[in-house]
Each structure stands twice: as structure tokens, then as C-alpha cells.
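Trainee: Provided below: coords.cif, containing mmCIF, C-alpha atoms.
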data_upload
loop_
_atom_site.label_atom_id
_atom_site.label_comp_id
_atom_site.auth_asym_id
_atom_site.auth_seq_id
_atom_site.Cartn_x
_atom_site.Cartn_y
_atom_site.Cartn_z
CA MET A 1 -11.32 -17.14 16.37
CA HIS A 2 -9.72 -13.69 16.69
CA PRO A 3 -9.02 -12.17 13.24
CA PHE A 4 -5.42 -11.27 14.09
CA LYS A 5 -4.54 -14.80 15.22
CA GLU A 6 -6.38 -16.24 12.22
CA SER A 7 -4.41 -13.90 9.95
CA ILE A 8 -1.11 -15.19 11.30
CA ARG A 9 -2.19 -18.81 10.78
CA PHE A 10 -3.53 -18.08 7.30
CA TYR A 11 -0.35 -16.26 6.29
CA ALA A 12 1.87 -19.07 7.56
CA ARG A 13 -0.29 -21.71 5.86
CA ASN A 14 -0.38 -19.94 2.49
CA ILE A 15 2.93 -18.10 2.52
CA GLU A 16 4.18 -19.53 -0.80
CA SER A 17 1.10 -18.43 -2.74
CA LEU A 18 0.95 -15.04 -1.03
CA LEU A 19 4.62 -14.35 -1.75
CA LEU A 20 4.10 -15.39 -5.37
CA LEU A 21 1.29 -12.86 -5.71
CA SER A 22 3.42 -10.28 -3.96
CA ALA A 23 6.47 -10.89 -6.15
CA VAL A 24 4.45 -10.57 -9.35
CA LEU A 25 2.35 -7.54 -8.37
CA VAL A 26 4.05 -5.64 -5.56
CA VAL A 27 7.53 -5.48 -7.12
CA PRO A 28 6.52 -3.45 -10.24
CA PHE A 29 4.51 -0.97 -8.17
CA PHE A 30 7.35 -0.61 -5.68
CA ILE A 31 9.89 0.08 -8.42
CA ILE A 32 7.60 2.67 -10.05
CA HIS A 33 7.01 4.34 -6.68
CA ASN A 34 10.70 4.51 -5.79
CA PHE A 35 11.94 5.81 -9.12
CA THR A 36 9.12 8.38 -9.28
CA LEU A 37 9.85 9.47 -5.72
CA ASN A 38 13.60 9.75 -6.39
CA TYR A 39 12.91 11.90 -9.45
CA LEU A 40 10.54 14.13 -7.47
CA ASN A 41 13.06 14.44 -4.62
CA LEU A 42 15.69 15.52 -7.14
CA ILE A 43 13.37 18.19 -8.50
CA ALA A 44 12.46 19.26 -4.96
CA ALA A 45 16.14 19.56 -4.02
CA ILE A 46 16.76 21.79 -7.06
CA THR A 47 13.64 23.94 -6.73
CA GLY A 48 13.17 23.80 -2.97
CA ALA A 49 9.60 22.51 -3.34
CA LYS A 50 9.89 19.75 -0.73
CA PHE A 51 6.18 20.04 0.07
CA VAL A 52 5.31 18.84 -3.45
CA ALA A 53 7.59 15.80 -3.15
CA SER A 54 6.07 14.86 0.22
CA PHE A 55 2.57 15.26 -1.17
CA PHE A 56 3.20 12.98 -4.15
CA ASN A 57 4.99 10.43 -2.00
CA LEU A 58 1.90 10.06 0.20
CA PHE A 59 -0.39 10.22 -2.84
CA LEU A 60 1.36 7.36 -4.67
CA LEU A 61 1.70 5.32 -1.50
CA LEU A 62 -2.05 5.46 -0.82
CA LEU A 63 -2.96 4.88 -4.46
CA PHE A 64 -0.75 1.82 -4.87
CA LEU A 65 -1.79 0.45 -1.47
CA LEU A 66 -5.47 0.53 -2.43
CA ILE A 67 -4.82 -1.30 -5.70
CA LEU A 68 -2.44 -3.90 -4.31
CA GLN A 69 -4.81 -5.05 -1.58
CA ILE A 70 -7.28 -6.40 -4.17
CA PRO A 71 -5.49 -9.67 -5.09
CA PHE A 72 -4.63 -10.57 -1.50
CA ALA A 73 -8.16 -9.86 -0.31
CA GLN A 74 -9.50 -12.03 -3.14
CA TYR A 75 -7.07 -14.83 -2.34
CA VAL A 76 -8.25 -14.89 1.28
CA GLN A 77 -11.90 -14.72 0.26
CA SER A 78 -11.48 -17.50 -2.29
CA ASP A 79 -9.85 -19.71 0.32
CA LEU A 80 -12.62 -19.00 2.82
CA ASP A 81 -15.22 -19.80 0.15
CA GLY A 82 -13.49 -23.09 -0.72
CA ASP A 83 -12.36 -22.05 -4.20
CA GLU A 84 -9.96 -24.61 -5.70
CA ARG A 85 -7.89 -22.00 -7.59
CA PRO A 86 -7.49 -18.98 -5.32
CA ILE A 87 -4.35 -17.66 -7.05
CA ARG A 88 -5.97 -17.68 -10.46
CA LYS A 89 -9.04 -15.90 -9.11
CA ALA A 90 -6.85 -13.37 -7.29
CA PHE A 91 -5.11 -12.39 -10.54
CA ARG A 92 -8.40 -12.29 -12.43
CA THR A 93 -10.07 -10.08 -9.82
CA PHE A 94 -7.05 -7.78 -9.83
CA PHE A 95 -7.21 -7.26 -13.58
CA GLU A 96 -11.02 -6.94 -13.58
CA HIS A 97 -11.31 -4.35 -10.81
CA SER A 98 -7.94 -2.61 -10.55
CA PHE A 99 -8.93 0.13 -13.01
CA SER A 100 -12.04 1.18 -11.06
CA VAL A 101 -10.04 1.12 -7.83
CA PHE A 102 -7.28 3.08 -9.58
CA VAL A 103 -9.68 5.84 -10.67
CA PHE A 104 -11.36 5.89 -7.25
CA GLY A 105 -7.93 5.82 -5.65
CA ILE A 106 -6.82 8.94 -7.50
CA VAL A 107 -9.69 10.91 -5.98
CA PHE A 108 -9.30 9.24 -2.58
CA SER A 109 -5.52 9.66 -2.43
CA PHE A 110 -5.67 13.29 -3.56
CA LEU A 111 -8.25 14.23 -0.93
CA VAL A 112 -6.51 12.30 1.85
CA SER A 113 -3.06 13.65 0.94
CA THR A 114 -4.39 17.21 0.76
CA GLY A 115 -6.13 16.82 4.11
CA MET A 116 -3.03 15.29 5.69
CA MET A 117 -0.70 17.97 4.39
CA LEU A 118 -2.88 20.96 5.23
CA PHE A 119 -4.97 20.07 8.26
CA MET A 120 -4.04 16.46 9.19
CA ILE A 121 -7.37 15.56 10.87
CA PRO A 122 -9.64 15.75 7.77
CA GLY A 123 -7.19 13.61 5.81
CA LEU A 124 -7.06 11.03 8.60
CA ILE A 125 -10.86 10.89 8.81
CA LEU A 126 -11.19 10.35 5.05
CA LEU A 127 -8.51 7.65 5.18
CA LEU A 128 -10.31 5.72 7.91
CA LEU A 129 -13.77 6.07 6.39
CA PHE A 130 -12.92 4.84 2.90
CA TYR A 131 -9.88 2.62 3.46
CA LEU A 132 -11.92 -0.59 3.26
CA THR A 133 -13.26 0.13 -0.25
CA PRO A 134 -10.99 -2.42 -2.04
CA PHE A 135 -12.16 -5.16 0.32
CA PHE A 136 -15.80 -4.43 -0.50
CA VAL A 137 -14.90 -4.51 -4.19
CA VAL A 138 -13.81 -8.11 -3.61
CA LEU A 139 -16.83 -9.00 -1.46
CA LYS A 140 -19.46 -7.43 -3.73
CA LYS A 141 -17.75 -8.11 -7.09
CA GLN A 142 -18.57 -4.53 -8.07
CA SER A 143 -16.63 -1.41 -8.99
CA ALA A 144 -15.19 0.85 -6.33
CA TRP A 145 -17.81 3.48 -7.16
CA ARG A 146 -20.56 1.07 -6.07
CA CYS A 147 -18.73 -0.04 -2.92
CA TRP A 148 -17.51 3.14 -1.27
CA ARG A 149 -20.80 3.72 0.56
CA ALA A 150 -20.67 0.27 2.18
CA ALA A 151 -17.02 0.85 3.07
CA MET A 152 -17.92 4.21 4.60
CA GLU A 153 -20.70 2.66 6.70
CA MET A 154 -18.34 0.03 8.06
CA GLY A 155 -15.65 2.68 8.47
CA LYS A 156 -17.97 4.80 10.62
CA LYS A 157 -19.02 1.82 12.71
CA HIS A 158 -15.46 0.55 13.31
CA PHE A 159 -13.63 3.86 13.14
CA ILE A 160 -11.50 3.30 16.25
CA GLN A 161 -10.62 -0.30 15.32
CA ILE A 162 -9.51 0.71 11.82
CA PHE A 163 -7.45 3.55 13.28
CA GLY A 164 -5.79 1.13 15.71
CA LEU A 165 -5.04 -1.39 12.98
CA LEU A 166 -3.56 1.23 10.65
CA LEU A 167 -1.52 2.66 13.49
CA MET A 168 -0.19 -0.78 14.32
CA VAL A 169 0.55 -1.48 10.64
CA SER A 170 2.42 1.81 10.27
CA LEU A 171 4.43 1.25 13.45
CA VAL A 172 5.37 -2.33 12.59
CA GLU A 173 6.35 -1.43 9.04
CA TRP A 174 8.40 1.51 10.28
CA LEU A 175 10.24 -0.64 12.83
CA ILE A 176 10.92 -3.39 10.30
CA SER A 177 12.15 -0.89 7.71
CA LEU A 178 14.34 0.81 10.31
CA ALA A 179 15.85 -2.50 11.39
CA GLY A 180 16.42 -3.55 7.77
CA LEU A 181 18.04 -0.26 6.81
CA PHE A 182 20.25 -0.35 9.89
CA LEU A 183 21.38 -3.86 9.01
CA VAL A 184 22.14 -2.96 5.40
CA THR A 185 23.86 0.36 6.08
CA SER A 186 26.11 -1.35 8.61
CA ILE A 187 27.41 -3.44 5.70
CA THR A 188 27.03 -1.14 2.70
CA ALA A 189 25.41 2.20 1.90
CA THR A 190 24.82 1.58 -1.80
CA PHE A 191 21.44 2.66 -3.14
CA GLY A 192 20.79 -0.72 -4.76
CA ALA A 193 21.22 -2.65 -1.50
CA VAL A 194 18.98 -0.30 0.45
CA MET A 195 16.30 -0.43 -2.25
CA PHE A 196 16.47 -4.23 -2.39
CA ILE A 197 15.93 -4.55 1.37
CA GLU A 198 12.97 -2.15 1.25
CA LEU A 199 11.53 -4.13 -1.65
CA LEU A 200 12.01 -7.45 0.14
CA LEU A 201 10.33 -6.16 3.29
CA ASN A 202 7.34 -4.84 1.34
CA VAL A 203 6.96 -8.11 -0.54
CA ILE A 204 6.88 -10.01 2.75
CA VAL A 205 4.90 -7.64 4.97
CA LEU A 206 2.23 -6.16 2.68
CA PRO A 207 0.40 -9.49 2.06
CA PHE A 208 0.01 -10.05 5.79
CA PHE A 209 -1.56 -6.64 6.34
CA ALA A 210 -4.01 -7.26 3.48
CA VAL A 211 -4.87 -10.69 4.92
CA MET A 212 -5.43 -9.16 8.34
CA PHE A 213 -7.81 -6.48 7.09
CA THR A 214 -9.71 -9.06 5.03
CA MET A 215 -10.21 -11.17 8.14
CA TYR A 216 -11.44 -8.19 10.12
CA VAL A 217 -13.82 -7.09 7.34
CA ASN A 218 -15.32 -10.60 7.21
CA LYS A 219 -15.73 -10.61 11.00
CA TRP A 220 -17.43 -7.21 11.01
CA LYS A 221 -19.63 -8.20 8.08
CA ASP A 222 -20.75 -11.39 9.87
CA GLU A 223 -21.44 -9.42 13.07
CA ALA A 224 -23.56 -6.92 11.12
CA ALA A 225 -25.48 -9.75 9.41
CA GLY A 226 -26.07 -11.42 12.79
CA ALA A 227 -27.31 -8.18 14.31
CA GLU A 228 -29.69 -7.63 11.39
CA ALA A 229 -31.00 -11.20 11.68
CA ALA A 230 -31.55 -10.79 15.41
CA MET A 231 -33.36 -7.49 14.84
CA SER A 232 -35.56 -9.07 12.17
CA GLY A 233 -36.40 -11.91 14.55
CA GLU A 234 -37.37 -9.46 17.28
CA LEU A 235 -39.61 -7.55 14.87
CA LEU A 236 -41.37 -10.77 13.87
CA LEU A 237 -41.95 -11.68 17.50
CA ASP A 238 -43.35 -8.21 18.20
CA GLU A 239 -45.75 -8.49 15.26
CA ARG A 240 -47.05 -11.79 16.60
#
Any chance you could put this one into C-alpha cells?
Mentor:
Amino acid sequence: MHPFKESIRFYARNIESLLLLSAVLVVPFFIIHNFTLNYLNLIAAITGAKFVASFFNLFLLLLFLLILQIPFAQYVQSDLDGDERPIRKAFRTFFEHSFSVFVFGIVFSFLVSTGMMLFMIPGLILLLLFYLTPFFVVLKKQSAWRCWRAAMEMGKKHFIQIFGLLLMVSLVEWLISLAGLFLVTSITATFGAVMFIELLLNVIVLPFFAVMFTMYVNKWKDEAAGAEAAMSGELLLDER
């Protein structure tokens, strides 16, 4: 089955559990991101250093995105593996591996943000090559520092597909956010209402994107394993 269609079915079938994970984990990160960004924007408005505020906005967004994909990826993987307690395992994996992904994410987010701000293309290449690292952390049960090479190999092999998926994700999230903000501002322009709608949209949308990437990573992993098995079979036949 196509990973995108399977992602929609999986999300609809497990929406309560996914939203529970999202409410517990996404909300605190979102609040930290927004208050930090508002503080930086205030400083930027006073000092005129808007470049710094934009840099840290992208930096925090990438860093938090890497970390927050861990529990959703684990939930999907646990369900695919037939685990009876996928939510419990999702939380446990998050707490076990979030620190290594956090440290890796600092380096990753800094390099990508710098590349994006200065030259654009290098930052985009780094983003696409190493974006799948949290998913390999879940698959391999290892730290991010032991998984980035595998993520890079898959990133190189499926560079265009990852770019297309991220482009689609960015476009969909932008359209949803735009529609939500338009709806809210037509009723009220208070900061609290706008922030609540943004929070609600992130809680709903982010789990689906993580589910979708997990499905694609599993598909690409199975394809690579099948290709290796076929190659091994051909080598055995040649030896005979």
C-alpha cells in the first residue's frame, strides 16, 4: 500500500492516542518556542537585529521538530511490530533518546540554519540529508550519533522524495495556519486566541507528518533490504 494512503488510515485509526502524545509533548515545546521567539522579536525590534531573530526562529523550529518526531515514530513502529502498549513505549523511547537527538539537533539545526540564512542551498542539502535521523534512532534503538550515517545514506538515495515531502508538509502547514489565523482574526485579534489556534493546529497536524515519514522510511528500508537480498541471490547463482 502507498505510504501516504497508509498514513491517513493509520492516523484516523489511532487519532486518540496520537493526539494524547501530541498534547503531552508538543504543547510544552510549542509554548517554549513561542515565548522565546516573542522575546527575541522584541529584542530585534529594539536593536534592529532582525536577522538574529529569524535565525533563532528557524534554529528552534528544526531542533524541536527533530525531538518531537521520536515518540510518534516509535508509536507507529510499535504498532507495526504488534506491540501491545505503543503509547507507553513511545514515551519511554522519547525519554531514552531525546537527549542524544537534542545534542545532535543543536549541531544539525545550527548548520542548517546558517546555511539557509547565508547561502540557502547548503542549508537545504543538509536538511534533506540528515532529516531522517530521529526515525533511524527509533529503528536502530541507538543514539543519534550512531544513526546519522544511515540517515544520510537514505537521504542521498531518496533526496528528491524527501524534498517533495518536506515541501508538501511546509505548504500544507502554511495553508492551514493561514486559514486558521484568518478565521481567528476575523473574530478577534487577541494574542491569546491566535496562539491557541496555532497550538491547536500543531497538535493536530504534526503527528500526521511524523506518521507519514515513518511509513516512508519503513517502505524505503524494506526496498533496500529486498534489493540487497536479490543482489545476494544473484551472487550465489553466479558462484554456482
Trainee: Here is a test: counting only C-alpha atoms, which residue of A:Ser170, A:Met117, A:Phe110, A:Val76 is nearest to A:Phe135?
Mentor: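 Under the stated criterion, the closest residue is A:Val76.
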Trainee: List every protein, DNA or RNA residue with an atom no more than 12 Å from (-3.0, -15.0, 13.6) in the file's coordinates, counting all atoms listed in the file, and format the result as an mmCIF file with C-alpha atoms, in the coordinates of the input.
Mentor:
data_model
loop_
_atom_site.group_PDB
_atom_site.id
_atom_site.type_symbol
_atom_site.label_atom_id
_atom_site.label_comp_id
_atom_site.auth_asym_id
_atom_site.auth_seq_id
_atom_site.Cartn_x
_atom_site.Cartn_y
_atom_site.Cartn_z
ATOM 1 C CA MET A 1 -11.320 -17.140 16.370
ATOM 2 C CA HIS A 2 -9.720 -13.690 16.690
ATOM 3 C CA PRO A 3 -9.020 -12.170 13.240
ATOM 4 C CA PHE A 4 -5.420 -11.270 14.090
ATOM 5 C CA LYS A 5 -4.540 -14.800 15.220
ATOM 6 C CA GLU A 6 -6.380 -16.240 12.220
ATOM 7 C CA SER A 7 -4.410 -13.900 9.950
ATOM 8 C CA ILE A 8 -1.110 -15.190 11.300
ATOM 9 C CA ARG A 9 -2.190 -18.810 10.780
ATOM 10 C CA PHE A 10 -3.530 -18.080 7.300
ATOM 11 C CA TYR A 11 -0.350 -16.260 6.290
ATOM 12 C CA ALA A 12 1.870 -19.070 7.560
ATOM 13 C CA ARG A 13 -0.290 -21.710 5.860
ATOM 14 C CA PHE A 208 0.010 -10.050 5.790
ATOM 15 C CA PHE A 209 -1.560 -6.640 6.340
ATOM 16 C CA VAL A 211 -4.870 -10.690 4.920
ATOM 17 C CA MET A 212 -5.430 -9.160 8.340
ATOM 18 C CA PHE A 213 -7.810 -6.480 7.090
ATOM 19 C CA MET A 215 -10.210 -11.170 8.140
ATOM 20 C CA TYR A 216 -11.440 -8.190 10.120
#
Trainee: So, counting only C-alpha atoms, which residue among A:Leu62, A:Leu111, A:Leu200, A:Met116 is closest to A:Tyr131?
Mentor: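 The closest residue to A:Tyr131 is A:Leu62.
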Trainee: Using atom CA of A:Gln161 and atom CA of A:Glu223 as the two end points, give the distance in Å to one decimal.
Mentor: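 If I compute the distance from atom CA of A:Gln161 to atom CA of A:Glu223, I get 14.3 Å.
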Trainee: Could you tell me which residues the PyMOL selection byres ((chain A and resi 25-40) around 8) returns for this structure, as a list in words?
Mentor: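 So the PyMOL selection byres ((chain A and resi 25-40) around 8), applied here, picks out Leu21, Ser22, Ala23, Val24, Asn41, Leu42, Ile43, Ala44, Ala53, Phe56, Asn57, Leu60, Leu61, Phe64, Leu68, Leu199, Asn202 and Val203 of chain A.
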Trainee: Smallest atom-to-atom distance to A:Phe108: which of A:Leu63, A:Ile70, A:Leu183, A:Ala227, using all atoms listed in the file?
Mentor: A:Leu63
Trainee: Measure the distance from atom CA of A:Arg92 to atom CA of A:Leu66 in Å and round it to one decimal.
Mentor: 16.5 Å
Trainee: Report the distance between atom CA of A:Ala73 and atom CA of A:Pro122 in Å, rounded to one decimal place.
Mentor: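 So the two atoms, atom CA of A:Ala73 and atom CA of A:Pro122, lie 26.9 Å apart.
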Trainee: Calculated over all atoms listed in the file, which of the candidates A:Leu128, A:Leu80, A:Leu118, A:Cys147 has the smallest distance to A:Phe104?
Mentor: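 The shortest atom-to-atom distance to A:Phe104 comes from A:Cys147.
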Trainee: Spell out the residues picked by the PyMOL selection byres ((chain A and resi 139-146) around 10) here, as JSON, numbers by chain.
Mentor: {"A": [73, 74, 77, 93, 96, 97, 98, 99, 100, 101, 102, 103, 104, 105, 133, 134, 135, 136, 137, 138, 147, 148, 149, 150, 151, 214, 217, 218, 221]}
Trainee: Report as a PyMOL selection string all protein, DNA and RNA residues lying within 7 Å of stretch 88-90 of chain A, evaluated on all atoms listed in the file, omitting residues in the same chain fewer than 3 positions from it.
Mentor: chain A and resi 71-72+74-75+85+93-94
Trainee: Kindly save the residues from that selection, with C-alpha atoms included, as an mmCIF file, keeping the file's coordinate frame.
Mentor:
data_model
loop_
_atom_site.group_PDB
_atom_site.id
_atom_site.type_symbol
_atom_site.label_atom_id
_atom_site.label_comp_id
_atom_site.auth_asym_id
_atom_site.auth_seq_id
_atom_site.Cartn_x
_atom_site.Cartn_y
_atom_site.Cartn_z
ATOM 1 C CA PRO A 71 -5.490 -9.670 -5.090
ATOM 2 C CA PHE A 72 -4.630 -10.570 -1.500
ATOM 3 C CA GLN A 74 -9.500 -12.030 -3.140
ATOM 4 C CA TYR A 75 -7.070 -14.830 -2.340
ATOM 5 C CA ARG A 85 -7.890 -22.000 -7.590
ATOM 6 C CA THR A 93 -10.070 -10.080 -9.820
ATOM 7 C CA PHE A 94 -7.050 -7.780 -9.830
#
Trainee: Would you pick out the contacts of A:Val172 at 12 Å or less, using all atoms listed in the file, so that residues sharing its chain but fewer than 3 positions from it are not included, and give the list as a compact mmCIF listing (two decimals) with C-alpha atoms, in the frame of the given file?
Mentor:
# COMPACT_ATOMS: atom_id res chain seq x y z
CA LEU A 165 -5.04 -1.39 12.98
CA LEU A 166 -3.56 1.23 10.65
CA LEU A 167 -1.52 2.66 13.49
CA MET A 168 -0.19 -0.78 14.32
CA VAL A 169 0.55 -1.48 10.64
CA LEU A 175 10.24 -0.64 12.83
CA ILE A 176 10.92 -3.39 10.30
CA SER A 177 12.15 -0.89 7.71
CA LEU A 178 14.34 0.81 10.31
CA ALA A 179 15.85 -2.50 11.39
CA LEU A 201 10.33 -6.16 3.29
CA ASN A 202 7.34 -4.84 1.34
CA VAL A 205 4.90 -7.64 4.97
CA LEU A 206 2.23 -6.16 2.68
CA PHE A 208 0.01 -10.05 5.79
CA PHE A 209 -1.56 -6.64 6.34
Trainee: Between A:Ala210, A:Val112, A:Ala193, A:Met154, single out the one closest to A:Ile67, counting all atoms listed in the file.
Mentor: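 For A:Ile67, the nearest of the candidates is A:Ala210.
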